[in-house]
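Peer 1: I am sharing target_33.csv, which consists of CSV, C-alpha atoms and all ligand atoms:
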chain,number,residue,atom,x,y,z
A,1,MET,CA,98.0,59.0,12.0
A,2,CYS,CA,95.7,61.9,12.7
A,3,THR,CA,94.8,63.2,16.1
A,4,GLU,CA,91.3,64.4,16.8
A,5,PRO,CA,91.4,68.2,16.3
A,6,PRO,CA,89.1,70.9,17.9
A,7,ARG,CA,86.3,71.2,15.3
A,8,ASP,CA,86.4,74.5,13.4
A,9,GLU,CA,82.8,75.4,14.0
A,10,ARG,CA,83.2,78.6,12.0
A,11,ARG,CA,83.9,76.7,8.8
A,12,ARG,CA,81.6,73.8,9.4
A,13,ASP,CA,78.7,76.0,10.2
A,14,PRO,CA,79.5,79.6,9.3
A,15,PRO,CA,77.6,82.3,11.2
A,16,SER,CA,75.7,83.4,8.1
A,17,ARG,CA,74.2,79.9,7.9
A,18,ARG,CA,73.2,79.6,11.5
A,19,ALA,CA,69.6,80.3,12.3
A,20,PRO,CA,69.4,83.8,13.8
A,21,PRO,CA,67.5,84.1,17.1
A,22,HIS,CA,64.2,85.1,15.5
A,23,PHE,CA,64.3,81.8,13.6
A,24,ALA,CA,64.1,79.9,16.9
A,25,PRO,CA,61.4,77.3,16.8
A,26,ARG,CA,58.0,78.7,17.1
A,27,ALA,CA,54.5,77.4,17.0
A,28,ARG,CA,54.0,75.4,13.8
A,29,PRO,CA,52.5,77.7,11.1
A,30,THR,CA,49.0,76.8,10.2
A,31,THR,CA,47.3,77.1,6.8
A,32,ALA,CA,45.8,80.3,8.0
A,33,HIS,CA,49.3,81.7,8.8
A,34,HIS,CA,50.4,80.8,5.3
A,35,ALA,CA,47.3,82.4,3.7
A,36,ARG,CA,47.8,85.6,5.7
A,37,ALA,CA,51.5,85.8,4.8
A,38,ARG,CA,50.6,85.2,1.1
A,39,ARG,CA,48.0,88.0,1.2
A,40,HIS,CA,50.4,90.4,2.8
A,41,ARG,CA,53.2,89.6,0.4
A,42,PHE,CA,50.8,90.0,-2.6
A,43,ALA,CA,49.4,93.3,-1.2
A,44,ARG,CA,53.0,94.6,-0.8
A,45,LEU,CA,53.8,93.7,-4.4
A,46,GLU,CA,50.5,95.3,-5.6
A,47,VAL,CA,51.2,98.6,-3.8
A,48,ARG,CA,54.7,98.8,-5.2
A,49,ALA,CA,53.4,98.1,-8.7
A,50,ARG,CA,50.6,100.7,-8.3
A,51,VAL,CA,53.1,103.3,-7.3
A,52,ARG,CA,55.3,102.5,-10.3
A,53,LEU,CA,52.3,102.5,-12.7
A,54,ALA,CA,50.5,105.5,-11.2
A,55,ARG,CA,52.2,108.1,-13.5
A,56,PRO,CA,51.9,106.3,-16.9
A,57,VAL,CA,48.3,105.3,-16.1
A,58,ALA,CA,47.2,108.8,-15.1
A,59,ALA,CA,48.8,110.2,-18.2
A,60,ALA,CA,47.1,107.7,-20.4
A,61,ARG,CA,43.7,108.4,-18.8
A,62,ALA,CA,44.2,112.2,-19.3
A,63,ARG,CA,45.0,111.6,-23.0
A,64,SER,CA,42.0,109.4,-23.5
A,65,VAL,CA,39.6,111.9,-21.8
A,66,ALA,CA,41.0,114.6,-24.0
A,67,ARG,CA,40.2,112.5,-27.1
A,68,ARG,CA,36.5,111.8,-26.1
A,69,PRO,CA,34.0,113.7,-28.3
A,70,TYR,CA,31.4,114.0,-25.6
A,71,PRO,CA,31.3,113.8,-21.8
A,72,LEU,CA,31.7,110.4,-20.1
A,73,ALA,CA,28.2,110.5,-18.4
A,74,THR,CA,26.5,110.9,-21.8
A,75,ARG,CA,28.5,108.1,-23.3
A,76,ARG,CA,27.6,105.8,-20.5
A,77,ARG,CA,24.0,106.5,-20.7
A,78,ALA,CA,24.0,106.1,-24.5
A,79,ARG,CA,25.5,102.6,-24.1
A,80,SER,CA,22.9,101.4,-21.5
A,81,THR,CA,20.2,99.2,-23.0
A,82,ALA,CA,17.4,100.9,-21.1
A,83,ASP,CA,17.2,104.3,-19.7
A,84,SER,CA,15.5,103.0,-16.6
A,85,PRO,CA,16.6,104.1,-13.1
A,86,ARG,CA,17.8,100.5,-12.5
A,87,ALA,CA,20.0,100.5,-15.6
A,88,ARG,CA,21.4,103.9,-14.7
A,89,PHE,CA,22.3,103.1,-11.1
A,90,SER,CA,23.4,99.5,-11.4
A,91,PRO,CA,27.2,98.9,-11.3
A,92,ARG,CA,28.9,99.1,-14.7
A,93,ARG,CA,29.2,95.7,-16.3
A,94,SER,CA,32.6,94.7,-17.6
A,95,THR,CA,32.9,94.0,-21.4
A,96,PRO,CA,35.4,91.3,-22.5
A,97,ARG,CA,37.6,94.0,-23.9
A,98,ALA,CA,37.6,95.9,-20.6
A,99,SER,CA,38.5,92.8,-18.6
A,100,HIS,CA,41.3,91.9,-20.9
A,101,ALA,CA,42.7,95.4,-20.6
A,102,ARG,CA,42.4,95.2,-16.8
A,103,ALA,CA,44.1,91.7,-16.7
A,104,THR,CA,46.9,93.1,-18.9
A,105,ARG,CA,47.3,96.0,-16.5
A,106,VAL,CA,47.5,93.8,-13.5
A,107,GLY,CA,49.9,91.3,-15.2
A,108,ARG,CA,52.2,94.2,-16.2
A,109,ALA,CA,52.0,95.5,-12.7
A,110,ARG,CA,53.2,92.2,-11.3
A,111,VAL,CA,56.1,91.9,-13.8
A,112,VAL,CA,57.2,95.5,-13.0
A,113,ALA,CA,56.9,94.7,-9.2
A,114,GLU,CA,59.0,91.6,-9.5
A,115,ALA,CA,61.5,93.1,-12.0
A,116,SER,CA,62.5,95.6,-9.3
A,117,ARG,CA,64.1,92.7,-7.5
A,118,THR,CA,66.2,91.0,-10.2
A,119,ILE,CA,69.9,90.5,-10.9
A,120,ASP,CA,71.6,90.0,-14.2
A,121,PHE,CA,73.7,86.9,-14.6
A,122,ILE,CA,75.6,84.8,-17.1
A,123,LYS,CA,76.1,81.1,-16.6
A,124,TYR,CA,79.5,79.7,-17.6
A,125,GLN,CA,81.0,76.2,-17.4
A,126,GLY,CA,84.5,74.8,-17.5
A,127,LEU,CA,84.4,71.1,-18.2
A,128,GLY,CA,80.9,70.9,-16.8
A,129,ASN,CA,81.9,72.6,-13.5
A,130,ASP,CA,79.2,75.3,-13.8
A,131,PHE,CA,79.0,78.7,-12.3
A,132,ILE,CA,76.7,81.7,-12.2
A,133,LEU,CA,78.7,84.8,-12.9
A,134,ILE,CA,77.7,88.2,-11.5
A,135,ASP,CA,79.2,91.5,-12.5
A,136,ASN,CA,80.0,93.0,-9.1
A,137,ARG,CA,82.7,95.4,-10.3
A,138,ASP,CA,80.8,98.5,-9.2
A,139,SER,CA,80.9,97.6,-5.5
A,140,ALA,CA,83.2,96.1,-3.0
A,141,THR,CA,80.3,94.3,-1.3
A,142,VAL,CA,78.9,91.1,-2.9
A,143,LYS,CA,75.4,91.7,-4.3
A,144,MET,CA,73.8,88.8,-2.4
A,145,SER,CA,74.0,86.8,0.8
A,146,SER,CA,75.5,83.3,0.9
A,147,GLU,CA,71.9,82.0,1.5
A,148,ALA,CA,70.6,83.6,-1.6
A,149,ALA,CA,73.6,82.2,-3.6
A,150,ALA,CA,72.9,78.7,-2.3
A,151,LYS,CA,69.3,79.1,-3.4
A,152,MET,CA,70.4,80.3,-6.9
A,153,CYS,CA,72.6,77.2,-7.3
A,154,ASP,CA,69.7,74.8,-6.6
A,155,ARG,CA,69.0,72.8,-9.8
A,156,ASN,CA,65.3,72.7,-9.1
A,157,PHE,CA,64.4,75.9,-7.3
A,158,GLY,CA,67.1,78.1,-8.8
A,159,ILE,CA,69.3,78.5,-11.9
A,160,GLY,CA,71.5,75.5,-11.0
A,161,GLY,CA,75.2,75.7,-10.5
A,162,ASP,CA,78.2,74.4,-8.5
A,163,GLY,CA,78.7,78.0,-7.3
A,164,VAL,CA,78.2,81.7,-7.7
A,165,ILE,CA,81.2,83.8,-8.7
A,166,PHE,CA,81.4,87.6,-8.3
A,167,ALA,CA,83.7,89.7,-10.5
A,168,MET,CA,84.8,92.3,-7.9
A,169,PRO,CA,86.8,95.5,-8.1
A,170,PRO,CA,90.6,95.2,-7.5
A,171,ASN,CA,91.8,95.2,-3.9
A,172,ASP,CA,94.8,97.3,-4.9
A,173,ALA,CA,96.9,98.6,-7.8
A,174,SER,CA,98.5,95.1,-8.3
A,175,GLU,CA,95.2,93.6,-9.5
A,176,ASP,CA,92.9,94.1,-12.4
A,177,TYR,CA,89.9,92.5,-10.6
A,178,SER,CA,89.3,90.4,-7.6
A,179,MET,CA,87.1,87.3,-7.3
A,180,ARG,CA,84.8,86.0,-4.6
A,181,MET,CA,82.7,82.8,-4.7
A,182,PHE,CA,80.1,80.9,-2.8
A,183,ASN,CA,79.9,77.1,-3.2
A,184,SER,CA,76.5,75.6,-3.9
A,185,ASP,CA,76.0,75.1,-0.1
A,186,GLY,CA,76.7,78.8,0.6
A,187,SER,CA,80.2,78.3,2.1
A,188,GLU,CA,83.0,80.5,0.7
A,189,PRO,CA,86.2,78.9,-0.7
A,190,GLU,CA,89.5,80.6,-1.1
A,191,MET,CA,90.0,79.6,-4.7
A,192,CYS,CA,88.4,77.8,-7.7
A,193,GLY,CA,90.4,76.7,-10.7
A,194,ASN,CA,87.6,76.2,-13.2
A,195,GLY,CA,85.9,79.2,-11.8
A,196,ILE,CA,88.8,81.6,-12.4
A,197,ARG,CA,88.9,80.5,-16.1
A,198,CYS,CA,85.2,81.3,-16.3
A,199,LEU,CA,85.8,84.7,-14.6
A,200,ALA,CA,88.6,85.6,-17.1
A,201,ARG,CA,86.3,84.7,-20.0
A,202,PHE,CA,83.4,86.7,-18.3
A,203,VAL,CA,85.3,90.0,-17.9
A,204,SER,CA,86.9,89.6,-21.3
A,205,ASP,CA,83.4,89.0,-22.8
A,206,LEU,CA,81.9,92.0,-20.9
A,207,ASP,CA,84.7,94.4,-21.9
A,208,ALA,CA,85.0,92.9,-25.4
A,209,MET,CA,88.8,92.7,-24.8
A,210,PRO,CA,91.3,90.9,-27.1
A,211,PRO,CA,93.0,87.9,-25.5
A,212,LYS,CA,95.1,89.1,-22.5
A,213,LYS,CA,96.5,88.1,-19.1
A,214,TYR,CA,94.5,89.2,-16.0
A,215,LYS,CA,95.8,89.7,-12.5
A,216,VAL,CA,93.0,88.5,-10.1
A,217,GLY,CA,93.0,88.8,-6.4
A,218,THR,CA,91.5,85.8,-4.5
A,219,LEU,CA,91.4,84.7,-0.9
A,220,ALA,CA,94.3,82.5,-1.9
A,221,GLY,CA,96.4,85.4,-3.2
A,222,LEU,CA,97.1,86.7,-6.7
A,223,ILE,CA,96.1,84.3,-9.6
A,224,GLN,CA,96.8,85.0,-13.2
A,225,PRO,CA,94.5,83.6,-15.9
A,226,GLU,CA,95.5,84.3,-19.5
A,227,MET,CA,92.9,84.2,-22.3
A,228,ARG,CA,94.5,82.6,-25.3
A,229,ALA,CA,93.6,83.2,-29.0
A,230,ASP,CA,92.4,79.6,-29.3
A,231,GLY,CA,89.7,80.2,-26.7
A,232,GLN,CA,91.5,78.2,-24.0
A,233,VAL,CA,92.5,79.8,-20.7
A,234,ALA,CA,95.9,79.1,-19.2
A,235,VAL,CA,96.1,79.9,-15.5
A,236,ASP,CA,99.2,80.5,-13.4
A,237,MET,CA,97.9,78.9,-10.2
A,238,GLY,CA,101.0,79.7,-8.1
A,239,MET,CA,102.8,77.2,-5.9
A,240,PRO,CA,101.2,74.3,-3.9
A,241,ILE,CA,101.3,74.6,-0.1
A,242,PHE,CA,102.4,71.5,1.9
A,243,GLU,CA,102.8,72.8,5.5
A,244,PRO,CA,100.1,70.6,7.3
A,245,SER,CA,98.8,73.5,9.5
A,246,GLU,CA,98.3,75.6,6.3
A,247,VAL,CA,96.4,73.0,4.3
A,248,PRO,CA,94.9,72.7,7.0
A,249,THR,CA,95.3,69.1,8.2
A,250,THR,CA,96.2,67.4,11.5
A,251,LEU,CA,97.9,64.6,9.7
A,252,ALA,CA,101.6,64.5,10.5
A,253,ALA,CA,104.2,65.2,7.7
A,254,THR,CA,105.7,62.0,6.3
A,255,GLN,CA,108.2,63.3,3.8
A,256,ASP,CA,110.2,66.6,3.9
A,257,GLY,CA,107.5,68.4,5.8
A,258,LYS,CA,104.8,67.1,3.4
A,259,VAL,CA,101.9,64.7,4.0
A,260,VAL,CA,102.6,61.9,1.4
A,261,ARG,CA,101.0,58.5,1.5
A,262,ALA,CA,99.9,59.1,5.1
A,263,GLU,CA,97.6,56.5,6.6
A,264,MET,CA,94.1,57.8,7.4
A,265,ASP,CA,91.3,55.8,9.0
A,266,VAL,CA,88.0,56.5,7.2
A,267,ASP,CA,85.0,54.6,8.6
A,268,GLY,CA,87.2,51.7,9.8
A,269,GLU,CA,89.3,51.4,6.5
A,270,LYS,CA,92.9,52.5,6.1
A,271,TRP,CA,93.4,54.9,3.1
A,272,LEU,CA,96.7,56.3,1.9
A,273,VAL,CA,96.4,60.0,1.4
A,274,ASN,CA,98.3,63.2,0.3
A,275,ALA,CA,97.4,66.6,1.7
A,276,VAL,CA,98.0,69.6,-0.6
A,277,SER,CA,96.6,73.1,-0.5
A,278,MET,CA,96.1,75.1,-3.8
A,279,GLY,CA,94.8,77.9,-1.6
A,280,ASN,CA,92.0,75.6,-0.8
A,281,PRO,CA,92.4,72.1,0.9
A,282,HIS,CA,92.8,68.9,-1.0
A,283,CYS,CA,93.1,65.3,0.0
A,284,ILE,CA,94.4,63.1,-2.8
A,285,THR,CA,94.2,59.3,-2.7
A,286,PHE,CA,95.1,56.5,-5.0
A,287,GLY,CA,93.3,54.0,-2.8
A,288,ARG,CA,93.4,51.8,0.4
A,289,ALA,CA,96.6,50.7,2.1
A,290,GLY,CA,97.5,47.1,1.0
A,291,GLY,CA,94.9,47.5,-1.8
A,292,GLU,CA,94.5,49.9,-4.8
A,293,ALA,CA,97.2,52.3,-3.4
A,294,ASP,CA,99.8,49.6,-4.0
A,295,GLY,CA,98.8,49.4,-7.7
A,296,PRO,CA,97.8,52.0,-10.3
A,297,GLY,CA,95.1,53.3,-8.1
A,298,LEU,CA,91.3,53.1,-7.9
A,299,LYS,CA,89.0,51.6,-10.5
A,300,LEU,CA,86.9,54.7,-11.0
A,301,ASP,CA,84.3,53.1,-13.2
A,302,GLU,CA,83.0,51.2,-10.2
A,303,PHE,CA,83.8,53.6,-7.4
A,304,PRO,CA,80.9,54.6,-5.1
A,305,LEU,CA,81.8,58.4,-5.0
A,306,SER,CA,78.6,59.6,-3.3
A,307,VAL,CA,79.0,57.1,-0.5
A,308,VAL,CA,82.8,57.5,0.2
A,309,GLY,CA,83.1,61.2,-0.7
A,310,PRO,CA,81.2,62.8,2.2
A,311,LYS,CA,83.2,60.7,4.7
A,312,PHE,CA,86.4,62.4,3.5
A,313,GLU,CA,84.8,65.9,3.2
A,314,SER,CA,84.0,66.1,6.9
A,315,HIS,CA,86.9,63.9,8.2
A,316,PRO,CA,88.2,65.2,11.5
A,317,CYS,CA,91.8,65.3,10.1
A,318,PHE,CA,90.7,68.2,7.8
A,319,PRO,CA,89.3,70.8,10.2
A,320,ALA,CA,88.2,73.2,7.4
A,321,ARG,CA,86.7,70.2,5.5
A,322,THR,CA,88.3,69.1,2.3
A,323,ASN,CA,88.0,68.5,-1.4
A,324,THR,CA,88.9,64.9,-2.2
A,325,GLU,CA,90.4,63.5,-5.4
A,326,PHE,CA,90.0,59.8,-6.1
A,327,THR,CA,92.6,58.8,-8.7
A,328,GLN,CA,93.6,56.2,-11.1
A,329,VAL,CA,97.0,56.3,-13.0
A,330,VAL,CA,96.8,55.4,-16.7
A,331,ASN,CA,100.4,56.2,-17.5
A,332,ARG,CA,103.1,58.7,-16.4
A,333,ASN,CA,101.4,61.5,-18.4
A,334,TYR,CA,97.7,60.6,-18.0
A,335,VAL,CA,95.6,60.1,-14.9
A,336,LYS,CA,91.8,59.8,-14.3
A,337,MET,CA,90.3,61.6,-11.4
A,338,HIS,CA,86.8,61.8,-9.8
A,339,VAL,CA,86.2,64.6,-7.3
A,340,TRP,CA,84.0,65.1,-4.2
A,341,GLU,CA,84.1,68.8,-3.6
A,342,ARG,CA,83.8,70.6,-0.2
A,343,GLY,CA,80.5,72.5,-0.2
A,344,ALA,CA,79.4,71.2,-3.6
A,345,GLY,CA,79.6,67.3,-3.6
A,346,ALA,CA,80.3,65.4,-6.8
A,347,THR,CA,81.2,67.8,-9.7
A,348,LEU,CA,82.2,67.1,-13.2
A,349,ALA,CA,85.6,68.7,-12.8
A,350,CYS,CA,87.8,70.6,-10.3
A,351,GLY,CA,90.7,72.7,-11.5
A,352,THR,CA,92.5,73.1,-8.1
A,353,GLY,CA,91.9,69.4,-7.6
A,354,ALA,CA,93.5,68.5,-10.9
A,355,CYS,CA,96.6,70.6,-9.9
A,356,ALA,CA,96.8,68.9,-6.5
A,357,THR,CA,96.4,65.5,-8.1
A,358,VAL,CA,99.5,66.0,-10.3
A,359,VAL,CA,101.5,67.3,-7.4
A,360,ALA,CA,100.5,64.2,-5.3
A,361,GLY,CA,101.3,61.9,-8.3
A,362,VAL,CA,104.7,63.5,-8.7
A,363,LEU,CA,105.4,63.2,-4.9
A,364,GLU,CA,104.4,59.5,-4.9
A,365,GLY,CA,106.6,59.0,-8.0
A,366,ARG,CA,103.7,57.9,-10.2
A,367,VAL,CA,103.5,60.7,-12.9
A,368,ASP,CA,105.6,63.3,-14.6
A,369,ARG,CA,105.3,67.0,-14.0
A,370,ARG,CA,103.4,67.5,-17.3
A,371,CYS,CA,100.2,65.5,-17.1
A,372,THR,CA,96.7,65.3,-18.5
A,373,VAL,CA,94.0,64.9,-15.9
A,374,GLU,CA,90.9,63.3,-17.3
A,375,LEU,CA,87.7,64.3,-15.3
A,376,PRO,CA,84.1,63.3,-15.9
A,377,GLY,CA,83.6,66.6,-17.8
A,378,GLY,CA,86.8,66.3,-19.9
A,379,PRO,CA,90.6,66.8,-19.8
A,380,LEU,CA,92.7,69.5,-18.1
A,381,GLU,CA,96.4,70.0,-19.0
A,382,ILE,CA,98.6,70.5,-15.9
A,383,GLU,CA,102.2,71.4,-15.7
A,384,TRP,CA,104.1,71.7,-12.3
A,385,ARG,CA,107.1,73.7,-13.5
A,386,GLU,CA,110.4,72.5,-12.2
A,387,SER,CA,112.1,75.9,-12.8
A,388,ASP,CA,110.0,77.9,-10.3
A,389,GLY,CA,107.6,75.4,-8.7
A,390,ARG,CA,104.5,77.1,-10.1
A,391,ILE,CA,101.6,75.2,-11.6
A,392,ILE,CA,100.0,76.1,-15.0
A,393,MET,CA,96.5,74.8,-15.7
A,394,THR,CA,95.0,75.0,-19.2
A,395,GLY,CA,91.4,74.3,-20.1
A,396,PRO,CA,88.2,75.7,-21.5
A,397,ALA,CA,85.6,78.2,-20.2
A,398,GLU,CA,82.3,78.6,-22.1
A,399,PRO,CA,79.2,80.9,-21.6
A,400,VAL,CA,76.0,78.9,-21.6
A,401,PHE,CA,73.1,81.3,-21.1
A,402,ALA,CA,72.3,84.8,-19.7
A,403,GLY,CA,69.3,86.0,-17.8
A,404,LYS,CA,67.7,87.9,-15.0
A,405,TYR,CA,67.2,86.1,-11.7
A,406,PHE,CA,64.3,87.0,-9.3
A,407,LEU,CA,66.0,87.5,-5.9
B,501,LIG,N1,85.6,73.5,-8.5
B,501,LIG,C1,86.6,74.2,-8.0
B,501,LIG,C2,86.8,74.3,-6.6
B,501,LIG,C3,85.7,75.1,-5.9
B,501,LIG,C4,85.9,75.3,-4.4
B,501,LIG,C5,85.8,74.1,-3.6
B,501,LIG,N2,84.5,73.5,-3.6
B,501,LIG,C6,86.2,74.4,-2.1
B,501,LIG,O1,85.4,74.6,-1.3
B,501,LIG,O2,87.4,74.5,-1.9
B,501,LIG,C7,87.9,74.2,-8.9
B,501,LIG,O3,87.7,74.1,-10.1
B,501,LIG,O4,89.0,74.4,-8.3
Mind turning the file's structure into structure tokens?

Peer 2:
Amino acid sequence: MCTEPPRDERRRDPPSRRAPPHFAPRARPTTAHHARARRHRFARLEVRARVRLARPVAAARARSVARRPYPLATRRRARSTADSPRARFSPRRSTPRASHARATRVGRARVVAEASRTIDFIKYQGLGNDFILIDNRDSATVKMSSEAAAKMCDRNFGIGGDGVIFAMPPNDASEDYSMRMFNSDGSEPEMCGNGIRCLARFVSDLDAMPPKKYKVGTLAGLIQPEMRADGQVAVDMGMPIFEPSEVPTTLAATQDGKVVRAEMDVDGEKWLVNAVSMGNPHCITFGRAGGEADGPGLKLDEFPLSVVGPKFESHPCFPARTNTEFTQVVNRNYVKMHVWERGAGATLACGTGACATVVAGVLEGRVDRRCTVELPGGPLEIEWRESDGRIIMTGPAEPVFAGKYFL
């Protein structure tokens, strides 16, 4: 049984997500506040745009003056309908052509102004687990804040994605690259299985490299994805971690220092769970004690993932929150799994989750070490090697579209 742990406030509400002091509640902004803020923002954009355009516009004006056959004043007078004092001193009327030119100039100015705040991206997906990939290899600092990344992942107000992944320079000579990631809620995980396949495909696409094996530094250590000639990516995910304090979980070990079929109370119901870290924390369950857990597992077609998932994610027995895998065994080499991810909710697939599921299935004696995990987005092939205890995950990674994002 779990004991109530001190809550890890840093994970649950990282400093970057807490409101800074100047965001402390103030008087409610009025429509006038909004209008003034909009005017200021617009004015700033216009000024920037004018500075950028000043040179080309001045040059074009000089060229056009040079081409004029006679002085401007004479031309203006010749165009006026009457040579009366009123006609001569009234403000110049705009012709449709002139207004069109002016509108084009202003439009171009806005695009230039906004273009100065864009970032290039390519969107990739691995079994529907989708990520925005940023080439960050020219700097050891990520090119955006966790808040900006969360906004980018929004499916209505941004590009849409389960996370943003940065291809970073290597940390040392043992690596080709390193990887950092923000979940769609802005939190930073240690590892992402589908994400690292996408990262391997991304750098290999950028560098136009023939299939090869990469050494990638992550917050969970060195991970080695290998681009295969058939387009699949096979990843050496390293060894699972069982030590409860390293998962981290406050559940007590039940079998050789591992948390296997441990009873956990979730909202008044007793579930049997396994706790495994693949660099990031996983809680794997086949169902409730005295219920599904005593048979082949959960009936996933009728499982209310979005109701139950969040209760596991922020369960006090997992102080850094957890990814949770809800599982149904089809046979010893085939399981179905639905995932509720920490920091991202229901996703179509989870690579680290599929690895953790096979490990839990083997420890519970339900599956063999070579097993297909069927996820809502498609199947992943997992092998937990007996020879060295390492896990190999094989699956696809596909580019979807590329673009510029207005930061
Ligand atoms: N989808 C991923 C896992 C992404 C990180 C996870 N949400 C976490 O916070 O640990 C995968 O394919 O492994």

Peer 1: Determine the nearest neighbour of Tyr334 in chain A from the options A:His315, A:Lys143, A:His282, A:Arg366, counting only C-alpha atoms.

Peer 2: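 Ranked by minimum distance to Tyr334 in chain A, first place goes to A:Arg366.
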
Peer 1: Taking only C-alpha atoms and all ligand atoms into account, which residues have an atom no farther than 8 Å from ligand LIG 501 (chain B)? I'd like them as an NGL selection string.

Peer 2: :A and (129 or 162-163 or 183 or 187-196 or 280-282 or 322-323 or 341-345 or 347 or 349-354)

Peer 1: What does the file look like for those residues with C-alpha atoms, as a short mmCIF file (atom, residue, chain, number, x, y, z; two decimals), in the frame of the given file?

Peer 2:
data_model
loop_
_atom_site.label_atom_id
_atom_site.label_comp_id
_atom_site.auth_asym_id
_atom_site.auth_seq_id
_atom_site.Cartn_x
_atom_site.Cartn_y
_atom_site.Cartn_z
CA ASN A 129 81.90 72.60 -13.50
CA ASP A 162 78.20 74.40 -8.50
CA GLY A 163 78.70 78.00 -7.30
CA ASN A 183 79.90 77.10 -3.20
CA SER A 187 80.20 78.30 2.10
CA GLU A 188 83.00 80.50 0.70
CA PRO A 189 86.20 78.90 -0.70
CA GLU A 190 89.50 80.60 -1.10
CA MET A 191 90.00 79.60 -4.70
CA CYS A 192 88.40 77.80 -7.70
CA GLY A 193 90.40 76.70 -10.70
CA ASN A 194 87.60 76.20 -13.20
CA GLY A 195 85.90 79.20 -11.80
CA ILE A 196 88.80 81.60 -12.40
CA ASN A 280 92.00 75.60 -0.80
CA PRO A 281 92.40 72.10 0.90
CA HIS A 282 92.80 68.90 -1.00
CA THR A 322 88.30 69.10 2.30
CA ASN A 323 88.00 68.50 -1.40
CA GLU A 341 84.10 68.80 -3.60
CA ARG A 342 83.80 70.60 -0.20
CA GLY A 343 80.50 72.50 -0.20
CA ALA A 344 79.40 71.20 -3.60
CA GLY A 345 79.60 67.30 -3.60
CA THR A 347 81.20 67.80 -9.70
CA ALA A 349 85.60 68.70 -12.80
CA CYS A 350 87.80 70.60 -10.30
CA GLY A 351 90.70 72.70 -11.50
CA THR A 352 92.50 73.10 -8.10
CA GLY A 353 91.90 69.40 -7.60
CA ALA A 354 93.50 68.50 -10.90
#

Peer 1: If you count all atoms listed in the file, which residues fall within 12 Å of Ser245 in chain A, apart from same-chain ones fewer than 5 positions away, as a list in words?

Peer 2: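 Within the cut-off, the hits are Pro5, Thr250, Leu251, Ala252, Ala253, Gly257, Lys258, Val259, Ala275, Val276, Ser277, Pro281, Cys317, Phe318, Pro319 and Ala320 of chain A.
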
Peer 1: From the set A:Met239, A:Asp135, A:Gln224, A:Asp265, which residue has the shortest atom-to-atom contact distance to Asp207 in chain A, counting all atoms listed in the file?

Peer 2: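 Among the listed residues, A:Asp135 lies closest to Asp207 in chain A.
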
Peer 1: Could you work out how far CA of Thr254 in chain A lies from CA of Gly365 in chain A, giving the answer in Å with one decimal?

Peer 2: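 That distance, rounded to one decimal, is 14.6 Å.
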
Peer 1: In Å to one decimal, how far is CA of Met227 in chain A from CA of Asp120 in chain A?

Peer 2: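 The value is 23.5 Å.
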
Peer 1: Would you mind telling me which residue in A:Gly395, A:Pro304, A:Gly389, A:Gly361 lies nearest to Thr285 in chain A when using all atoms listed in the file?

Peer 2: A:Gly361

Peer 1: Taking into account all atoms listed in the file, which residue in the set A:Glu226, A:Glu302, A:Asp236, A:Glu175 is nearest to Cys355 in chain A?

Peer 2: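 Answer, going by the shortest atom-to-atom distance: A:Asp236.
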
Peer 1: Counting all atoms listed in the file, which of A:Ala229, A:Ala397, A:Ile382, A:Leu363 gets nearest to Gln255 in chain A?

Peer 2: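 Checking each candidate against Gln255 in chain A, we get A:Leu363 as the closest.
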
Peer 1: Would you mind telling me which residue in A:Met337, A:Ala356, A:Leu127, A:Val362 lies nearest to Ile241 in chain A when using all atoms listed in the file?

Peer 2: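 Of A:Met337, A:Ala356, A:Leu127, A:Val362, the one nearest Ile241 in chain A is A:Ala356, counting all atoms listed in the file.
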
Peer 1: One number please: CA of Val273 in chain A to CA of Thr372 in chain A, in Å, one decimal.

Peer 2: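 Atom-to-atom, CA of Val273 in chain A to CA of Thr372 in chain A, that is 20.6 Å.
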
Peer 1: List the spatial neighbours of Gly295 in chain A as a list in words - criterion: any atom at most 10 Å away, all atoms listed in the file, same-chain residues fewer than 6 positions off excluded.

Peer 2: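 Contacts, with the query itself left out: Phe286, Gly287, Gln328 and Val329 of chain A.
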
Peer 1: Keeping only C-alpha atoms, write the selected residues as a JSON list (two decimals), in the frame of the given file.

Peer 2:
[["chain", "number", "residue", "atom", "x", "y", "z"],
["A", 286, "PHE", "CA", 95.10, 56.50, -5.00],
["A", 287, "GLY", "CA", 93.30, 54.00, -2.80],
["A", 328, "GLN", "CA", 93.60, 56.20, -11.10],
["A", 329, "VAL", "CA", 97.00, 56.30, -13.00]]

Peer 1: Residues at most 9 Å from Gly238 in chain A, counting all atoms listed in the file, excluding those fewer than 3 positions away in the same chain, as a list in words?

Peer 2: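 Result of the neighbour search: Gly221, Leu222, Ile223, Gln224, Val235, Met278, Gly389, Arg390, Ile391 and Ile392 of chain A.
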
Peer 1: The selected residues should be written to file as an mmCIF file, keeping the file's coordinate frame (atoms: C-alpha atoms).

Peer 2:
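That gives us out.cif:
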data_model
loop_
_atom_site.group_PDB
_atom_site.id
_atom_site.type_symbol
_atom_site.label_atom_id
_atom_site.label_comp_id
_atom_site.auth_asym_id
_atom_site.auth_seq_id
_atom_site.Cartn_x
_atom_site.Cartn_y
_atom_site.Cartn_z
ATOM 1 C CA GLY A 221 96.400 85.400 -3.200
ATOM 2 C CA LEU A 222 97.100 86.700 -6.700
ATOM 3 C CA ILE A 223 96.100 84.300 -9.600
ATOM 4 C CA GLN A 224 96.800 85.000 -13.200
ATOM 5 C CA VAL A 235 96.100 79.900 -15.500
ATOM 6 C CA MET A 278 96.100 75.100 -3.800
ATOM 7 C CA GLY A 389 107.600 75.400 -8.700
ATOM 8 C CA ARG A 390 104.500 77.100 -10.100
ATOM 9 C CA ILE A 391 101.600 75.200 -11.600
ATOM 10 C CA ILE A 392 100.000 76.100 -15.000
#
